[in-house]
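For reference, work.pdb is printed below; it contains PDB, C-alpha atoms.
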ATOM      1  CA  MET A   1      14.850 -10.519  -5.631
ATOM      2  CA  LYS A   2      14.662  -6.837  -6.491
ATOM      3  CA  ILE A   3      17.017  -4.677  -4.421
ATOM      4  CA  VAL A   4      17.240  -0.886  -4.340
ATOM      5  CA  VAL A   5      20.088   0.983  -2.657
ATOM      6  CA  VAL A   6      19.140   4.352  -1.134
ATOM      7  CA  THR A   7      21.984   6.631  -0.159
ATOM      8  CA  LEU A   8      22.528  10.080   1.256
ATOM      9  CA  PRO A   9      24.481  12.344  -1.131
ATOM     10  CA  ARG A  10      27.644  12.357   0.976
ATOM     11  CA  PHE A  11      27.732   8.535   0.926
ATOM     12  CA  HIS A  12      27.024   8.236  -2.790
ATOM     13  CA  GLU A  13      30.309   6.508  -3.632
ATOM     14  CA  SER A  14      29.703   3.801  -1.011
ATOM     15  CA  GLY A  15      26.137   3.350  -2.221
ATOM     16  CA  MET A  16      27.274   2.900  -5.816
ATOM     17  CA  ARG A  17      29.816   0.298  -4.747
ATOM     18  CA  ILE A  18      27.150  -1.670  -2.876
ATOM     19  CA  ALA A  19      24.664  -1.354  -5.732
ATOM     20  CA  LYS A  20      27.196  -2.649  -8.252
ATOM     21  CA  PHE A  21      28.004  -5.627  -6.051
ATOM     22  CA  LEU A  22      24.323  -6.480  -5.469
ATOM     23  CA  GLU A  23      23.342  -5.678  -9.077
ATOM     24  CA  ALA A  24      20.794  -3.299  -7.616
ATOM     25  CA  GLU A  25      19.188  -0.022  -8.580
ATOM     26  CA  THR A  26      20.191   3.173  -6.784
ATOM     27  CA  LEU A  27      18.169   6.142  -5.586
ATOM     28  CA  ALA A  28      19.207   9.321  -3.808
ATOM     29  CA  TYR A  29      17.613   9.787  -0.412
ATOM     30  CA  SER A  30      14.599  12.062  -0.137
ATOM     31  CA  PRO A  31      11.932  12.334   2.566
ATOM     32  CA  THR A  32       9.513  10.391   0.345
ATOM     33  CA  VAL A  33      11.863   7.756  -1.038
ATOM     34  CA  PHE A  34      10.678   4.922   1.216
ATOM     35  CA  ALA A  35       7.040   5.586   0.360
ATOM     36  CA  GLU A  36       7.962   5.523  -3.335
ATOM     37  CA  LEU A  37       9.634   2.113  -2.959
ATOM     38  CA  TYR A  38       7.039   0.333  -0.835
ATOM     39  CA  GLY A  39       5.429  -2.469  -2.831
ATOM     40  CA  LYS A  40       7.921  -2.057  -5.677
ATOM     41  CA  CYS A  41      10.972  -3.928  -4.380
ATOM     42  CA  ASP A  42      11.911  -6.797  -2.077
ATOM     43  CA  VAL A  43      14.819  -5.253  -0.189
ATOM     44  CA  ILE A  44      15.861  -1.659   0.490
ATOM     45  CA  VAL A  45      19.499  -1.108   1.428
ATOM     46  CA  GLY A  46      19.973   2.273   3.080
ATOM     47  CA  VAL A  47      23.455   3.763   3.394
ATOM     48  CA  MET A  48      22.581   6.040   6.283
ATOM     49  CA  SER A  49      21.931   6.005  10.002
ATOM     50  CA  ALA A  50      19.374   3.486  11.260
ATOM     51  CA  GLY A  51      17.268   6.319  12.681
ATOM     52  CA  ILE A  52      16.666   7.856   9.259
ATOM     53  CA  ALA A  53      15.594   4.520   7.786
ATOM     54  CA  VAL A  54      13.368   3.604  10.728
ATOM     55  CA  ARG A  55      11.593   6.966  10.787
ATOM     56  CA  GLY A  56      11.130   6.841   7.016
ATOM     57  CA  CYS A  57       9.561   3.377   7.100
ATOM     58  CA  ALA A  58       7.579   3.576  10.349
ATOM     59  CA  PRO A  59       4.446   5.302   8.936
ATOM     60  CA  LEU A  60       4.326   2.763   6.082
ATOM     61  CA  LEU A  61       4.522  -0.486   8.046
ATOM     62  CA  THR A  62       1.776  -3.067   7.477
ATOM     63  CA  ASP A  63       3.164  -6.537   8.292
ATOM     64  CA  LYS A  64       6.323  -8.529   7.666
ATOM     65  CA  TRP A  65       4.714 -10.429   4.814
ATOM     66  CA  HIS A  66       4.121  -7.341   2.678
ATOM     67  CA  ASP A  67       6.721  -4.812   3.863
ATOM     68  CA  PRO A  68      10.054  -4.843   2.028
ATOM     69  CA  ALA A  69      13.083  -5.918   4.015
ATOM     70  CA  VAL A  70      15.280  -2.979   5.046
ATOM     71  CA  VAL A  71      19.026  -3.280   5.607
ATOM     72  CA  VAL A  72      20.969  -0.322   6.980
ATOM     73  CA  VAL A  73      24.642  -0.066   6.064
ATOM     74  CA  THR A  74      26.485   2.210   8.448
ATOM     75  CA  PRO A  75      28.140   5.227   6.795
ATOM     76  CA  ASP A  76      31.610   3.854   7.561
ATOM     77  CA  MET A  77      30.755   0.629   5.636
ATOM     78  CA  ARG A  78      31.485  -1.467   8.738
ATOM     79  CA  TYR A  79      28.095  -3.021   9.477
ATOM     80  CA  ALA A  80      25.006  -4.223   7.590
ATOM     81  CA  ILE A  81      21.992  -4.323   9.921
ATOM     82  CA  PRO A  82      18.634  -5.799   8.856
ATOM     83  CA  VAL A  83      16.137  -3.587  10.703
ATOM     84  CA  LEU A  84      13.074  -5.030   8.946
ATOM     85  CA  GLY A  85      12.385  -8.347   7.242
ATOM     86  CA  GLY A  86      15.344 -10.373   8.456
ATOM     87  CA  HIS A  87      13.586 -13.603   7.516
ATOM     88  CA  HIS A  88      12.334 -12.064   4.284
ATOM     89  CA  GLY A  89      15.554 -11.228   2.466
ATOM     90  CA  GLY A  90      17.204  -8.828   4.908
ATOM     91  CA  ASN A  91      19.537 -11.373   6.510
ATOM     92  CA  GLU A  92      20.420 -12.854   3.137
ATOM     93  CA  VAL A  93      21.461  -9.475   1.698
ATOM     94  CA  ALA A  94      23.378  -8.518   4.848
ATOM     95  CA  LYS A  95      25.356 -11.757   4.644
ATOM     96  CA  ARG A  96      26.125 -11.197   0.983
ATOM     97  CA  LEU A  97      27.643  -7.822   1.859
ATOM     98  CA  ALA A  98      30.232  -9.622   3.989
ATOM     99  CA  GLU A  99      32.115 -10.173   0.715
ATOM    100  CA  LEU A 100      32.678  -6.399   0.649
ATOM    101  CA  GLY A 101      34.087  -6.498   4.177
ATOM    102  CA  ILE A 102      30.837  -5.275   5.717
ATOM    103  CA  GLU A 103      29.961  -7.245   8.847
ATOM    104  CA  PRO A 104      26.335  -8.512   8.990
ATOM    105  CA  VAL A 105      24.586  -7.866  12.302
ATOM    106  CA  ILE A 106      21.841 -10.492  12.590
ATOM    107  CA  SER A 107      19.271 -10.391  15.391
ATOM    108  CA  THR A 108      16.606 -12.946  14.386
ATOM    109  CA  ALA A 109      16.618 -15.692  17.010
ATOM    110  CA  THR A 110      16.557 -18.755  14.739
ATOM    111  CA  GLU A 111      19.372 -17.361  12.617
ATOM    112  CA  VAL A 112      21.542 -16.467  15.600
ATOM    113  CA  MET A 113      21.030 -19.942  17.099
ATOM    114  CA  GLY A 114      21.760 -21.655  13.798
ATOM    115  CA  ARG A 115      18.254 -23.087  13.444
ATOM    116  CA  PRO A 116      16.240 -23.219  10.170
ATOM    117  CA  SER A 117      13.191 -20.942  10.447
ATOM    118  CA  VAL A 118       9.924 -21.701   8.679
ATOM    119  CA  GLU A 119      10.606 -18.769   6.359
ATOM    120  CA  GLU A 120      14.083 -20.059   5.468
ATOM    121  CA  THR A 121      12.733 -23.557   4.842
ATOM    122  CA  ALA A 122      10.090 -22.119   2.542
ATOM    123  CA  ARG A 123      12.524 -19.868   0.671
ATOM    124  CA  SER A 124      15.190 -22.538   0.167
ATOM    125  CA  GLY A 125      12.633 -25.064  -1.072
ATOM    126  CA  GLY A 126      10.718 -22.682  -3.326
ATOM    127  CA  PHE A 127       7.564 -22.759  -1.202
ATOM    128  CA  ARG A 128       5.012 -20.231   0.067
ATOM    129  CA  ILE A 129       3.701 -20.213   3.645
ATOM    130  CA  VAL A 130      -0.080 -20.401   3.554
ATOM    131  CA  ASN A 131      -1.022 -19.901   7.225
ATOM    132  CA  ARG A 132       1.416 -17.161   8.105
ATOM    133  CA  SER A 133       0.150 -16.728  11.654
ATOM    134  CA  SER A 134       1.618 -20.153  12.484
ATOM    135  CA  THR A 135       5.241 -19.118  12.067
ATOM    136  CA  ARG A 136       5.684 -17.494  15.479
ATOM    137  CA  GLU A 137       4.709 -20.669  17.317
ATOM    138  CA  VAL A 138       6.610 -22.978  14.981
ATOM    139  CA  ASN A 139       9.769 -20.867  14.997
ATOM    140  CA  GLY A 140       9.578 -20.814  18.783
ATOM    141  CA  ALA A 141       9.417 -24.612  18.803
ATOM    142  CA  ILE A 142      12.364 -24.778  16.387
ATOM    143  CA  LEU A 143      14.458 -22.888  18.941
ATOM    144  CA  ASP A 144      13.703 -25.610  21.480
ATOM    145  CA  GLY A 145      14.416 -28.615  19.284
ATOM    146  CA  ASP A 146      13.924 -30.305  15.927
ATOM    147  CA  VAL A 147      10.530 -29.811  14.287
ATOM    148  CA  PRO A 148       9.707 -32.504  11.709
ATOM    149  CA  ILE A 149       8.867 -31.594   8.114
ATOM    150  CA  VAL A 150       6.170 -33.842   6.676
ATOM    151  CA  ARG A 151       5.480 -33.874   2.948
ATOM    152  CA  VAL A 152       2.001 -35.094   2.013
ATOM    153  CA  GLN A 153       1.597 -36.645  -1.412
ATOM    154  CA  PRO A 154      -1.733 -36.205  -3.257
ATOM    155  CA  PRO A 155      -4.518 -36.988  -3.167
ATOM    156  CA  LYS A 156      -5.012 -35.996   0.480
ATOM    157  CA  ILE A 157      -7.030 -33.608   2.623
ATOM    158  CA  VAL A 158      -4.879 -31.902   5.237
ATOM    159  CA  ILE A 159      -6.357 -30.319   8.358
ATOM    160  CA  ALA A 160      -3.682 -28.265  10.113
ATOM    161  CA  ASP A 161      -3.973 -26.979  13.665
ATOM    162  CA  PRO A 162      -2.728 -23.439  14.472
ATOM    163  CA  GLY A 163       0.766 -24.637  15.453
ATOM    164  CA  VAL A 164       1.432 -26.223  12.053
ATOM    165  CA  SER A 165       2.942 -24.240   9.180
ATOM    166  CA  VAL A 166       1.623 -25.252   5.768
ATOM    167  CA  LEU A 167       3.862 -24.700   2.720
ATOM    168  CA  VAL A 168       2.896 -24.941  -0.942
ATOM    169  CA  THR A 169       4.832 -24.556  -4.171
ATOM    170  CA  ASP A 170       5.631 -20.880  -4.651
ATOM    171  CA  SER A 171       4.802 -18.642  -7.600
ATOM    172  CA  PRO A 172       5.196 -14.917  -8.325
ATOM    173  CA  TYR A 173       1.427 -14.444  -8.480
ATOM    174  CA  VAL A 174      -1.643 -15.578  -6.577
ATOM    175  CA  ILE A 175      -5.111 -15.697  -8.082
ATOM    176  CA  GLY A 176      -8.116 -14.919  -5.899
ATOM    177  CA  ILE A 177     -11.321 -16.573  -7.112
ATOM    178  CA  GLY A 178     -14.978 -16.064  -6.346
ATOM    179  CA  CYS A 179     -17.700 -17.998  -8.114
ATOM    180  CA  ARG A 180     -21.429 -18.614  -8.202
ATOM    181  CA  LEU A 181     -22.996 -21.766  -6.803
ATOM    182  CA  GLY A 182     -22.543 -24.703  -9.180
ATOM    183  CA  THR A 183     -19.816 -23.119 -11.332
ATOM    184  CA  THR A 184     -18.127 -25.782 -13.479
ATOM    185  CA  ALA A 185     -14.469 -26.638 -13.864
ATOM    186  CA  ASP A 186     -14.555 -25.425 -17.469
ATOM    187  CA  GLU A 187     -15.848 -22.026 -16.330
ATOM    188  CA  ILE A 188     -13.031 -21.771 -13.771
ATOM    189  CA  ARG A 189     -10.365 -22.662 -16.349
ATOM    190  CA  SER A 190     -11.774 -20.241 -18.907
ATOM    191  CA  ALA A 191     -11.925 -17.399 -16.379
ATOM    192  CA  VAL A 192      -8.352 -17.999 -15.214
ATOM    193  CA  SER A 193      -7.117 -18.105 -18.802
ATOM    194  CA  SER A 194      -8.860 -14.827 -19.631
ATOM    195  CA  ALA A 195      -7.618 -13.151 -16.444
ATOM    196  CA  CYS A 196      -4.012 -14.140 -17.069
ATOM    197  CA  LYS A 197      -4.280 -12.850 -20.617
ATOM    198  CA  ASP A 198      -5.751  -9.542 -19.401
ATOM    199  CA  ALA A 199      -2.969  -9.218 -16.792
ATOM    200  CA  GLY A 200      -0.251 -10.032 -19.316
ATOM    201  CA  ILE A 201       1.088 -13.072 -17.459
ATOM    202  CA  SER A 202       1.463 -16.735 -18.322
ATOM    203  CA  GLU A 203      -0.919 -19.265 -16.807
ATOM    204  CA  ASP A 204       2.147 -21.382 -16.006
ATOM    205  CA  SER A 205       3.457 -18.625 -13.707
ATOM    206  CA  VAL A 206       0.610 -19.210 -11.228
ATOM    207  CA  THR A 207       0.465 -22.148  -8.828
ATOM    208  CA  ILE A 208      -1.470 -20.578  -5.944
ATOM    209  CA  TYR A 209      -5.220 -19.962  -6.000
ATOM    210  CA  ALA A 210      -7.204 -18.665  -3.036
ATOM    211  CA  THR A 211     -10.858 -18.377  -2.133
ATOM    212  CA  THR A 212     -13.131 -18.269   0.899
ATOM    213  CA  ILE A 213     -13.728 -21.346   3.061
ATOM    214  CA  LYS A 214     -17.406 -20.790   2.252
ATOM    215  CA  LYS A 215     -16.628 -22.206  -1.226
ATOM    216  CA  PHE A 216     -15.066 -25.429   0.073
ATOM    217  CA  HIS A 217     -17.864 -27.624  -1.319
ATOM    218  CA  GLU A 218     -17.737 -26.175  -4.846
ATOM    219  CA  LYS A 219     -16.609 -29.224  -6.850
ATOM    220  CA  GLY A 220     -16.112 -27.222 -10.044
ATOM    221  CA  LEU A 221     -13.674 -24.947  -8.227
ATOM    222  CA  HIS A 222     -11.680 -27.901  -6.894
ATOM    223  CA  ASP A 223     -11.590 -29.648 -10.260
ATOM    224  CA  GLY A 224     -10.829 -26.504 -12.238
ATOM    225  CA  VAL A 225      -7.806 -25.534 -10.142
ATOM    226  CA  ALA A 226      -6.603 -29.159 -10.027
ATOM    227  CA  SER A 227      -6.641 -29.267 -13.828
ATOM    228  CA  LEU A 228      -4.423 -26.162 -13.786
ATOM    229  CA  SER A 229      -1.941 -27.991 -11.518
ATOM    230  CA  GLY A 230      -2.536 -25.363  -8.854
ATOM    231  CA  ASN A 231      -2.862 -25.325  -5.083
ATOM    232  CA  LEU A 232      -6.311 -24.165  -3.973
ATOM    233  CA  ILE A 233      -6.164 -22.442  -0.576
ATOM    234  CA  PHE A 234      -9.317 -21.788   1.455
ATOM    235  CA  LEU A 235      -9.070 -18.734   3.699
ATOM    236  CA  ASP A 236     -11.049 -18.072   6.860
ATOM    237  CA  ASP A 237     -13.219 -14.979   7.323
ATOM    238  CA  GLU A 238     -10.770 -13.281   9.686
ATOM    239  CA  THR A 239      -7.886 -13.520   7.213
ATOM    240  CA  ILE A 240     -10.045 -12.186   4.386
ATOM    241  CA  ASN A 241     -11.446  -9.296   6.398
ATOM    242  CA  LYS A 242      -7.998  -8.093   7.420
ATOM    243  CA  GLN A 243      -7.406  -7.082   3.796
ATOM    244  CA  ILE A 244      -8.481  -3.812   2.212
ATOM    245  CA  PRO A 245      -9.867  -4.580  -1.274
ATOM    246  CA  ALA A 246      -9.650  -2.033  -4.061
ATOM    247  CA  THR A 247     -13.301  -2.308  -5.094
ATOM    248  CA  PRO A 248     -16.620  -2.865  -3.271
ATOM    249  CA  SER A 249     -18.112  -6.342  -3.217
ATOM    250  CA  ARG A 250     -21.520  -7.938  -2.768
ATOM    251  CA  ALA A 251     -19.780 -10.438  -0.480
ATOM    252  CA  GLU A 252     -20.533  -7.972   2.306
ATOM    253  CA  MET A 253     -23.889  -9.763   2.526
ATOM    254  CA  LEU A 254     -21.890 -12.842   3.619
ATOM    255  CA  GLY A 255     -19.935 -10.871   6.203
ATOM    256  CA  LEU A 256     -16.856 -10.575   3.962
ATOM    257  CA  ARG A 257     -15.083  -7.523   2.565
ATOM    258  CA  GLY A 258     -14.848  -9.419  -0.676
ATOM    259  CA  VAL A 259     -13.550 -12.691  -2.068
ATOM    260  CA  ALA A 260     -11.329 -12.434  -5.142
ATOM    261  CA  GLU A 261      -9.394  -9.275  -4.214
ATOM    262  CA  PRO A 262      -8.852  -9.877  -0.488
ATOM    263  CA  CYS A 263      -7.917 -13.522  -1.116
ATOM    264  CA  ALA A 264      -5.330 -12.476  -3.701
ATOM    265  CA  LEU A 265      -3.987  -9.781  -1.374
ATOM    266  CA  ALA A 266      -3.813 -12.064   1.661
ATOM    267  CA  LEU A 267      -1.334 -14.442   0.032
ATOM    268  CA  SER A 268       0.489 -11.952  -2.182
ATOM    269  CA  LYS A 269       4.101 -11.020  -1.486
ATOM    270  CA  THR A 270       3.847  -7.271  -2.081
ATOM    271  CA  GLY A 271       0.225  -6.638  -1.137
ATOM    272  CA  THR A 272      -0.544  -5.260  -4.595
ATOM    273  CA  LEU A 273      -2.922  -6.269  -7.370
ATOM    274  CA  ILE A 274      -1.926  -6.535 -11.014
ATOM    275  CA  LEU A 275      -5.530  -7.293 -11.909
ATOM    276  CA  LYS A 276      -8.396  -5.877  -9.881
ATOM    277  CA  LYS A 277     -11.606  -7.843  -9.442
ATOM    278  CA  THR A 278     -12.838  -8.772 -12.911
ATOM    279  CA  VAL A 279     -15.967 -10.751 -13.725
ATOM    280  CA  TYR A 280     -15.850 -13.538 -16.314
ATOM    281  CA  GLY A 281     -19.330 -15.044 -16.550
ATOM    282  CA  ARG A 282     -20.043 -16.676 -13.196
ATOM    283  CA  VAL A 283     -16.437 -16.369 -11.980
ATOM    284  CA  THR A 284     -14.711 -13.371 -10.407
ATOM    285  CA  VAL A 285     -10.911 -13.176 -10.535
ATOM    286  CA  ALA A 286      -8.247 -10.904  -9.074
ATOM    287  CA  ILE A 287      -4.475 -11.373  -9.314
ATOM    288  CA  GLY A 288      -1.981 -10.357  -6.636
ATOM    289  CA  LYS A 289       1.771 -10.056  -6.960
TER     290      LYS A 289
END
Now that the file is in, can you turn its structure into C-alpha cells?
Amino acid sequence: MKIVVVTLPRFHESGMRIAKFLEAETLAYSPTVFAELYGKCDVIVGVMSAGIAVRGCAPLLTDKWHDPAVVVVTPDMRYAIPVLGGHHGGNEVAKRLAELGIEPVISTATEVMGRPSVEETARSGGFRIVNRSSTREVNGAILDGDVPIVRVQPPKIVIADPGVSVLVTDSPYVIGIGCRLGTTADEIRSAVSSACKDAGISEDSVTIYATTIKKFHEKGLHDGVASLSGNLIFLDDETINKQIPATPSRAEMLGLRGVAEPCALALSKTGTLILKKTVYGRVTVAIGK
C-alpha cells in the first residue's frame, strides 16, 4: 500500500512524524497536490482541515474503486478521519495511527457494527471483487446477519445473481484481451507473454484477465488463460461502456467503446493503463494497474 502524507506548512512537524510512522512519502500542500496524487497512490493522509481535503478531491472523484482513500488528521493530532475510501485502506490507516495516540473516527456501517464487509473479506484473503456493484446489497445483508462464503473448486461454471459478490485471486495488474474469431490458445499465450514483456512486468504477476461477454464461446481464449493459471472474467456491455478508453476501437461496431482497454480499466485498482491497446497478431492486449 502506497501512502503519501500531505501537510500544510505550519503542521509540517506533525506530518513528518506521521510519515515516518507509516513509512510514507511526504508532500507540502498546494492547490494542485491532490490532482498530482490521483492514480499514483493508495492512501492520502492530509494533516489539515477536512474542508481543504474535501474541496481538493471533489472535482477529481470517479468511484470508490479507483479513487485513493483519503484520511484527514486534525491539526491538533487528536483524530484520524477517513473521508474517502474507508473500505479501501482509509480505515486501516486511521486505525494504525492509534499507535501515535491519534483516535480513529470510523463511519462505515459494517466496521462500526463489527461486521466483515465484502471489501475487508477480499483484502484479508488476497482477493479481488469482480462484480463491484454487488457490494452495496451484500454489505447491507451483512449488517442484518451472517452471509455465507462459498468457495467453488474448479472445474465449475458459476452464474451469480446481482446480490452475490464474486471474489477471485488478486494481482497488481489486470490484462484486458480482445481477439478474433477462432483465435487459438497458443496465440493468446504468445500475446500475453509479449505484452508483459513490453510492459516490463512478469507474467506471474497477473492472475486476472478480462474480456467482453461476447467472447464467452471462444475456446482458445478459455484454454489460453487457463494455461496461464489465470481467472478469465467476462464483462457485460454496461460495465465496459462506463470506461473511457485511451484509444479508439473498431468494437464500436459491436456497440462497445472497446474491449482490451475498457476491460483492463474496469477491473484495475487505480484506473490507469501501463500498456495501452497493443495488437499481437489476432489478439489485442491492454494492461491496467
Mind telling me what the PyMOL selection byres ((chain A and resi 72-77) around 7) catches here, as an NGL selection string? :A and (11 or 45-50 or 70-71 or 78-83 or 102)
Saved selection, atoms kept: C-alpha atoms, as a PDB file, in the frame of the given file:
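Done, and the output landed in result10.pdb:
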ATOM      1  CA  PHE A  11      27.732   8.535   0.926  1.00  0.00           C
ATOM      2  CA  VAL A  45      19.499  -1.108   1.428  1.00  0.00           C
ATOM      3  CA  GLY A  46      19.973   2.273   3.080  1.00  0.00           C
ATOM      4  CA  VAL A  47      23.455   3.763   3.394  1.00  0.00           C
ATOM      5  CA  MET A  48      22.581   6.040   6.283  1.00  0.00           C
ATOM      6  CA  SER A  49      21.931   6.005  10.002  1.00  0.00           C
ATOM      7  CA  ALA A  50      19.374   3.486  11.260  1.00  0.00           C
ATOM      8  CA  VAL A  70      15.280  -2.979   5.046  1.00  0.00           C
ATOM      9  CA  VAL A  71      19.026  -3.280   5.607  1.00  0.00           C
ATOM     10  CA  ARG A  78      31.485  -1.467   8.738  1.00  0.00           C
ATOM     11  CA  TYR A  79      28.095  -3.021   9.477  1.00  0.00           C
ATOM     12  CA  ALA A  80      25.006  -4.223   7.590  1.00  0.00           C
ATOM     13  CA  ILE A  81      21.992  -4.323   9.921  1.00  0.00           C
ATOM     14  CA  PRO A  82      18.634  -5.799   8.856  1.00  0.00           C
ATOM     15  CA  VAL A  83      16.137  -3.587  10.703  1.00  0.00           C
ATOM     16  CA  ILE A 102      30.837  -5.275   5.717  1.00  0.00           C
TER      17      ILE A 102
END
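Closest approach to A:Cys41 among A:Gly178, A:Gly15, A:Gly271, A:Gly140: A:Gly271, based on all atoms listed in the file.
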So the first atom is atom CA of A:His87 and the second is atom CA of A:Gln153; what is the distance between them in Å, to one decimal place? 27.5 Å
Distance query 7 Å from (-22.2, -15.7, -12.5) using all atoms listed in the file, result as a list in words: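 Checked against the point, the hits come out as Cys179, Arg180, Gly281, Arg282 and Val283 of chain A.
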Quick one: distance from atom CA of A:Asn131 to atom CA of A:Lys215 in Å, one decimal?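 So the answer is 17.9 Å.
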Neighbouring residues of A:His222 were defined as those with any atom within 9 Å, considering only C-alpha atoms; residues of the same chain fewer than 5 positions away were excluded. Please report them as a list in words.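 Residues near the query, excluding close chain neighbours: Ala185, Phe216, His217, Ser227 and Leu232 of chain A.
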Output C-alpha atoms of each residue in that selection to a file, as a PDB file, in the coordinates of the input.
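Written file, out-v4.pdb:
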ATOM      1  CA  ALA A 185     -14.469 -26.638 -13.864  1.00  0.00           C
ATOM      2  CA  PHE A 216     -15.066 -25.429   0.073  1.00  0.00           C
ATOM      3  CA  HIS A 217     -17.864 -27.624  -1.319  1.00  0.00           C
ATOM      4  CA  SER A 227      -6.641 -29.267 -13.828  1.00  0.00           C
ATOM      5  CA  LEU A 232      -6.311 -24.165  -3.973  1.00  0.00           C
TER       6      LEU A 232
END
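When you apply the PyMOL selection byres ((chain A and resi 264) around 6) to this structure, what comes back is Val174, Ile175, Gly176, Glu261, Pro262, Cys263, Leu265, Ala266, Leu267, Ile287 and Gly288 of chain A.
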Restricting the calculation to only C-alpha atoms, which member of A:Val168, A:Ile213, A:Ala98, A:Leu84 is positioned closest to A:Ala58?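 Distance minimum relative to A:Ala58 lands on A:Leu84.
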Shortest interatomic distance to A:Gly145 - which of A:Ser133, A:Ser117, A:Ser14, A:Asn241, counting only C-alpha atoms: A:Ser117
A:Ala19: which residues within 9 Å, counting all atoms listed in the file, same-chain residues fewer than 3 positions away excluded, as a PyMOL selection string? chain A and resi 3-5+14-16+22-26+45
A:Leu221: which residues within 8 Å, counting all atoms listed in the file, same-chain residues fewer than 2 positions away excluded, as JSON, numbers by chain? {"A": [183, 184, 185, 188, 218, 219, 223, 224, 225]}
Excluding A:Ala251 and residues on its chain fewer than 3 positions from it, collect all residues at most 12 Å away from it, counting only C-alpha atoms, and give them as a list in words.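 That gives Gly178, Cys179, Arg180, Thr212, Lys214, Asp237, Ile240, Asn241, Pro245, Thr247, Pro248, Leu254, Gly255, Leu256, Arg257, Gly258, Val259, Ala260, Glu261, Pro262 and Thr284 of chain A.
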Any chance you could export the current selection's C-alpha atoms as a short mmCIF file (atom, residue, chain, number, x, y, z; two decimals), keeping the file's coordinate frame?
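The file below, selection_39.cif, is the result:
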data_model
loop_
_atom_site.label_atom_id
_atom_site.label_comp_id
_atom_site.auth_asym_id
_atom_site.auth_seq_id
_atom_site.Cartn_x
_atom_site.Cartn_y
_atom_site.Cartn_z
CA GLY A 178 -14.98 -16.06 -6.35
CA CYS A 179 -17.70 -18.00 -8.11
CA ARG A 180 -21.43 -18.61 -8.20
CA THR A 212 -13.13 -18.27 0.90
CA LYS A 214 -17.41 -20.79 2.25
CA ASP A 237 -13.22 -14.98 7.32
CA ILE A 240 -10.04 -12.19 4.39
CA ASN A 241 -11.45 -9.30 6.40
CA PRO A 245 -9.87 -4.58 -1.27
CA THR A 247 -13.30 -2.31 -5.09
CA PRO A 248 -16.62 -2.86 -3.27
CA LEU A 254 -21.89 -12.84 3.62
CA GLY A 255 -19.93 -10.87 6.20
CA LEU A 256 -16.86 -10.58 3.96
CA ARG A 257 -15.08 -7.52 2.56
CA GLY A 258 -14.85 -9.42 -0.68
CA VAL A 259 -13.55 -12.69 -2.07
CA ALA A 260 -11.33 -12.43 -5.14
CA GLU A 261 -9.39 -9.28 -4.21
CA PRO A 262 -8.85 -9.88 -0.49
CA THR A 284 -14.71 -13.37 -10.41
#
